[in-house]
Amino acid sequence: MRQKLNQTEGIFPMPVLMVATYNDDGTINVMNAAWGTMQERDHVALNLTETHKTVQNIKARKAFTVSIADAAHYVQADYFGVVSGNKEPKKFENSGLTASKAECVNAPIINEFPICLECEFVEFQSDTYGIGVIGKVVSITADDHVMVNGKIDMSLVNAIAFDPYTHGYYKVSERIGEAFRDGLQLKK
């Protein structure tokens, strides 16, 4: 038997993405965005509204970074989601995290998050079914501690996922199979 739920947002896991920009005065702004995905191999799509300080910054600077949040920093990641950059000018400073300027775009990299996508702003879609911010990924960097033999080892990233059913965070860290291969055993 199945039970009907009184909600419509139900895809799990949802990524916990940290979207970082520079404010007009050069300070850093970061927001937590669970509504994001890859649109193509080299484009990200973030379902964000124009009222976010981050979106205003993206449009002004034509750049942003997207970092994958990890279990070690879930408290800061959650803080970036519950506090608005429009209301708290010291939002990033209050987190205790550090940042560096991205090499390829005019946006900050949050040093403590293990993977970062540097993105150029492409467009903002605001129609009824528009996604919001579209960005072209121009560079990806990863911290040395998550690299093994020149590749990212996702079990070392300890990425977190958002659960829209109970509003929890879960650690995503165990590899269970090989994509594009394991399913072939069922091919007749």
# chains A, B, ... in the order shown; residues from 1 in each chain; ligands from 1

$ residues_around --residues "segment 23-29 of chain A" --least-positions-apart "2" --cutoff "6 Å" --atoms "only C-alpha atoms" --output "ChimeraX atom specification"
/A:20-21,57,92

$ residues_around --residues "Val75 of chain A" --least-positions-apart "6" --cutoff "12 Å" --atoms "only C-alpha atoms" --output "NGL selection string"
:A and (16 or 32 or 69 or 81-82 or 94-97 or 160 or 168-169)

$ closest_residue --among "A:Arg41, A:Lys91, A:Lys188, A:Lys151" --to "Val138 of chain A" --atoms "only C-alpha atoms"
A:Arg41

$ residues_around --residues "segment 98-106 of chain A" --least-positions-apart "6" --cutoff "10 Å" --atoms "only C-alpha atoms" --output "list of chain:residue names"
A:Ala20, A:Thr21, A:Tyr22, A:Ile28, A:Ile58, A:Arg61, A:Lys62, A:Ala63, A:Phe64, A:Thr65, A:Phe92, A:Glu112, A:Phe113, A:Cys116, A:Leu117, A:Glu118, A:Cys119, A:Glu120, A:Phe121, A:Val137, A:Val138, A:Ser139, A:Ile140, A:Thr141

$ select_by_dssp --residues "chain A" --states "strand (DSSP E or B)" --output "MDAnalysis selection string"
chainID A and resid 14:15 17:22 28:33 36:40 43:46 63:68 70 99:101 108:110 115:124 133:142 147:148 151:152 159:163 168:172

$ atom_distance --atom1 "atom CA of Lys136 of chain A" --atom2 "atom CA of Val122 of chain A"
6.4 Å

$ select_by_dssp --residues "chain A" --states "helix (DSSP H, G or I)" --output "PyMOL selection string"
chain A and resi 53-61+71-82+91-95+144-146+154-157+182-186

$ closest_residue --among "A:Ser67, A:Thr54, A:Ser155, A:Gln76" --to "Ile115 of chain A" --atoms "only C-alpha atoms"
A:Ser67

$ closest_residue --among "A:Met14, A:Glu174, A:His73, A:Thr49" --to "Thr128 of chain A" --atoms "only C-alpha atoms"
A:Thr49

$ closest_residue --among "A:Lys187, A:Lys53, A:Arg181, A:His167" --to "Pro13 of chain A" --atoms "only C-alpha atoms"
A:His167

$ closest_residue --among "A:Met31, A:Ala161, A:Ala179, A:Ala77" --to "Ile11 of chain A" --atoms "only C-alpha atoms"
A:Ala161

$ closest_residue --among "A:Phe124, A:Tyr165, A:Ile134, A:Phe12" --to "Asp42 of chain A" --atoms "only C-alpha atoms"
A:Ile134

$ residues_around --residues "segment 37-40 of chain A" --least-positions-apart "5" --cutoff "8 Å" --atoms "only C-alpha atoms" --output "ChimeraX atom specification"
/A:15,45-46
